[in-house]
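Peer 1: This is the structure I have questions about; it appears just below.
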Amino acid sequence: MNKILKKTELSEDIKDIIVHSPVIARKRKPGQFIILRINETGERIPLTIVDSSPEEGTIRLIFQEIGKTTYALGDLEEGDTILDIAGPLGNPTHIEKFGTVVMVGGGVGVAVVYPVTVAMKAAGNNVISIIGARTHDLMILEREMASVSDRLIVTTDDGSYGMHGFVTDALQALIDEGVKIDLCLAIGPVVMMRAVSSHTEKYNIHTVVSLNSVMIDGTGMCGGCRVTVDEKTRFVCVDGPEFDGHKVDYDELIKRQQAYLPQEKQSLEQYLKEREKGCALDAKSKELQVEK
Ligand code: NAD
Ligand code: FES
């Protein structure tokens, strides 16, 4: 159980792994996530389930190496095992035939948009997808997104590929074309989801965002993932992860996401220093020696 069967690098710091997890593979629905812990002393991190194969008993996870745990996860190889994976967690995305849906994915958030896009297309929607990255090398899942979209628009911030600009520029161009949008779903950095939501609000386009707050237990017990939506306290793990994009208090979410930045930075620096010395990972157990 939880063995990494395949590992691929999508870009320098974005990894794609196939993990043996038969129960989750059988039960998961688009929009749901898991919380994993690499070893007994490790922190728990949420990751969206990108895809699954119930027949093979596998789930697919895509993550960006940004903190100690994601670096340590990226250091695991095919054949290594993740200590525990809890899930599927969170509410599945509400899928129905809405009409024309615009799926907006920013950066590594495209990995979260993809499974929902598959489901929206299968439900008979006219799917227009917009995916954006800072530069061409960081663009992920373009082929997969093209295969489940009626139209795909690709943007890069630096103009190295596709349309030059942010995903919001492509969204505005669609609106200017006169495309009637029945639903917009946006997933990526919080600033992107805030920008998309403020664009669509002006045109009364119902918008759903998927929030990635700090999580610990994933079951509504710890309060770590608390956000304010429509002036009410909600827990992303049990009430979400998707919410009405026009009602989220983004400033509070950004503040809460940044609450532990100094500690996260220190922890990552220590991990990378130990890794450099070759003792961060014990070759056999893959336990993080630095934490002991
Ligand atoms: P990034 O900063 O490179 O941005 C990706 C794209 O988002 C950009 O190319 C641009 O098109 C758009 N964007 C960014 N800022 C924008 C703005 N101010 N206005 C309009 N559009 C904007 O993204 P990255 O570095 O790949 O993303 C990492 C972030 O995504 C992390 O903060 C991570 O926490 C978050 N993330 C969120 C989810 C989720 O479920 N919401 C999932 C995975 C990662
Ligand atoms: Fe603890 Fe949501 S992660 S309440």
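Lettering and numbering for the structure tokens are positional, with chains as A, B, ... in the shown order, residues counted from 1 in each chain, and ligands counted from 1 in the shown order.
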Could you give me, as a list in words, every polymer residue with an atom at most 6 Å away from an atom of ligand 2, counting only C-alpha atoms and all ligand atoms?

Peer 2: Met215, Ile216, Asp217, Gly218, Thr219, Gly220, Met221, Cys222, Gly223, Gly224, Cys225, Phe235, Val236 and Cys237 of chain A

Peer 1: May I have the residues within 6 Å of A:Val118 as number ranges by chain, using only C-alpha atoms and disregarding those fewer than 3 positions away in the same chain?

Peer 2: A: 115, 121, 148

Peer 1: Just want the 9 Å neighbourhood of A:Glu55, counted on only C-alpha atoms, with same-chain residues fewer than 4 positions away dropped. Output as a PyMOL selection string.

Peer 2: chain A and resi 22+25-26

Peer 1: Go ahead and save the residues from that selection, with all heavy atoms, as a compact mmCIF listing (two decimals), in the first residue's frame.

Peer 2:
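Writing the result to part_21.txt gives the following:
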# COMPACT_ATOMS: atom_id res chain seq x y z
N PRO A 22 -5.59 1.44 -3.39
CA PRO A 22 -6.79 0.90 -4.03
C PRO A 22 -8.12 1.42 -3.49
O PRO A 22 -9.05 1.65 -4.27
CB PRO A 22 -6.67 -0.61 -3.83
CG PRO A 22 -5.47 -0.85 -2.98
CD PRO A 22 -4.71 0.40 -2.82
N ALA A 25 -8.63 4.95 -4.71
CA ALA A 25 -8.81 4.91 -6.16
C ALA A 25 -10.24 4.53 -6.52
O ALA A 25 -10.82 5.03 -7.49
CB ALA A 25 -7.83 3.91 -6.78
N ARG A 26 -10.84 3.65 -5.71
CA ARG A 26 -12.21 3.18 -5.98
C ARG A 26 -13.23 4.25 -5.61
O ARG A 26 -14.25 4.40 -6.26
CB ARG A 26 -12.45 1.94 -5.13
CG ARG A 26 -12.91 0.77 -5.94
CD ARG A 26 -13.18 -0.50 -5.22
NE ARG A 26 -13.19 -0.54 -3.80
CZ ARG A 26 -12.24 -1.10 -3.04
NH1 ARG A 26 -11.17 -1.61 -3.62
NH2 ARG A 26 -12.34 -1.13 -1.73

Peer 1: Please, which residues in chain A fall within 6 Å of ligand 1 when counting only C-alpha atoms and all ligand atoms, and what is the closest atom pair and distance in Å to one decimal for each, ordered by chain then residue number, as a Markdown table?

Peer 2:
| residue | atom | partner | partner_atom_place_in_ligand_line | distance |
| --- | --- | --- | --- | --- |
| A:Gly106 | CA | ligand 1 | 6 (C) | 3.7 |
| A:Gly107 | CA | ligand 1 | 26 (O) | 3.1 |
| A:Val108 | CA | ligand 1 | 26 (O) | 4.3 |
| A:Gly109 | CA | ligand 1 | 43 (C) | 4.2 |
| A:Val112 | CA | ligand 1 | 42 (C) | 6.0 |
| A:Gly132 | CA | ligand 1 | 9 (O) | 4.2 |
| A:Ala133 | CA | ligand 1 | 9 (O) | 3.3 |
| A:Arg134 | CA | ligand 1 | 9 (O) | 4.2 |
| A:Thr156 | CA | ligand 1 | 9 (O) | 5.5 |
| A:Asp157 | CA | ligand 1 | 9 (O) | 5.3 |
| A:Phe166 | CA | ligand 1 | 11 (O) | 3.5 |
| A:Val167 | CA | ligand 1 | 11 (O) | 4.1 |
| A:Thr168 | CA | ligand 1 | 20 (C) | 5.2 |
| A:Ile187 | CA | ligand 1 | 41 (N) | 4.7 |
| A:Gly188 | CA | ligand 1 | 37 (C) | 4.2 |
| A:Pro189 | CA | ligand 1 | 30 (O) | 3.7 |
| A:Val191 | CA | ligand 1 | 18 (N) | 4.8 |
| A:Met192 | CA | ligand 1 | 22 (C) | 3.9 |
| A:Ala195 | CA | ligand 1 | 19 (N) | 5.0 |
| A:Ser210 | CA | ligand 1 | 41 (N) | 4.9 |
| A:Leu211 | CA | ligand 1 | 41 (N) | 4.6 |
| A:Asn212 | CA | ligand 1 | 40 (O) | 4.6 |

Peer 1: Among stretch 8-65 of chain A, which residues carry a DSSP assignment of helix (DSSP H, G or I), reported as a ChimeraX atom specification?

Peer 2: /A:22-27

Peer 1: Using only C-alpha atoms, which of the listed residues (A:Val214, A:Tyr71, A:Thr207, A:Val127) sits closest to A:Leu261?

Peer 2: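 Of A:Val214, A:Tyr71, A:Thr207, A:Val127, the one nearest A:Leu261 is A:Val214, counting only C-alpha atoms.
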
Peer 1: My list of candidates is A:Cys184, A:Leu152, A:Ile128, A:Met120. Which is closest to A:Lys97 when distances are computed with only C-alpha atoms?

Peer 2: A:Met120

Peer 1: Restricting the calculation to only C-alpha atoms: of A:Ile131, A:Met145, A:Val209, A:Ile95, which residue gets closest to A:Tyr114?

Peer 2: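 Of all the options, A:Met145 lies closest to A:Tyr114.
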
Peer 1: Report as a tab-separated table the residues of stretch 120-201 of chain A within 9 Å of stretch 242-259 of chain A, each with its shortest atom pair and distance in Å (one decimal), using only C-alpha atoms, ordered by chain and increasing residue number.

Peer 2:
residue	atom	partner	partner_atom	distance
A:Leu185	CA	A:Gly245	CA	8.6
A:Ala186	CA	A:Gly245	CA	8.3
A:Val190	CA	A:Ile254	CA	7.1
A:Val191	CA	A:Tyr250	CA	8.0
A:Met193	CA	A:Gly245	CA	7.4
A:Arg194	CA	A:Tyr250	CA	6.6
A:Val196	CA	A:Gly245	CA	8.5
A:Ser197	CA	A:Gly245	CA	5.5
A:Ser198	CA	A:His246	CA	7.2
A:Thr200	CA	A:His246	CA	8.5
A:Glu201	CA	A:His246	CA	6.5

Peer 1: What is the atom CA of A:Gly74 to atom CA of A:Asp13 distance in Å?

Peer 2: 8.4 Å

Peer 1: I'd like to know which of A:Gly31, A:Gly99, A:Gly67, A:Pro241 is closest to A:Asp51, using only C-alpha atoms.

Peer 2: A:Gly31
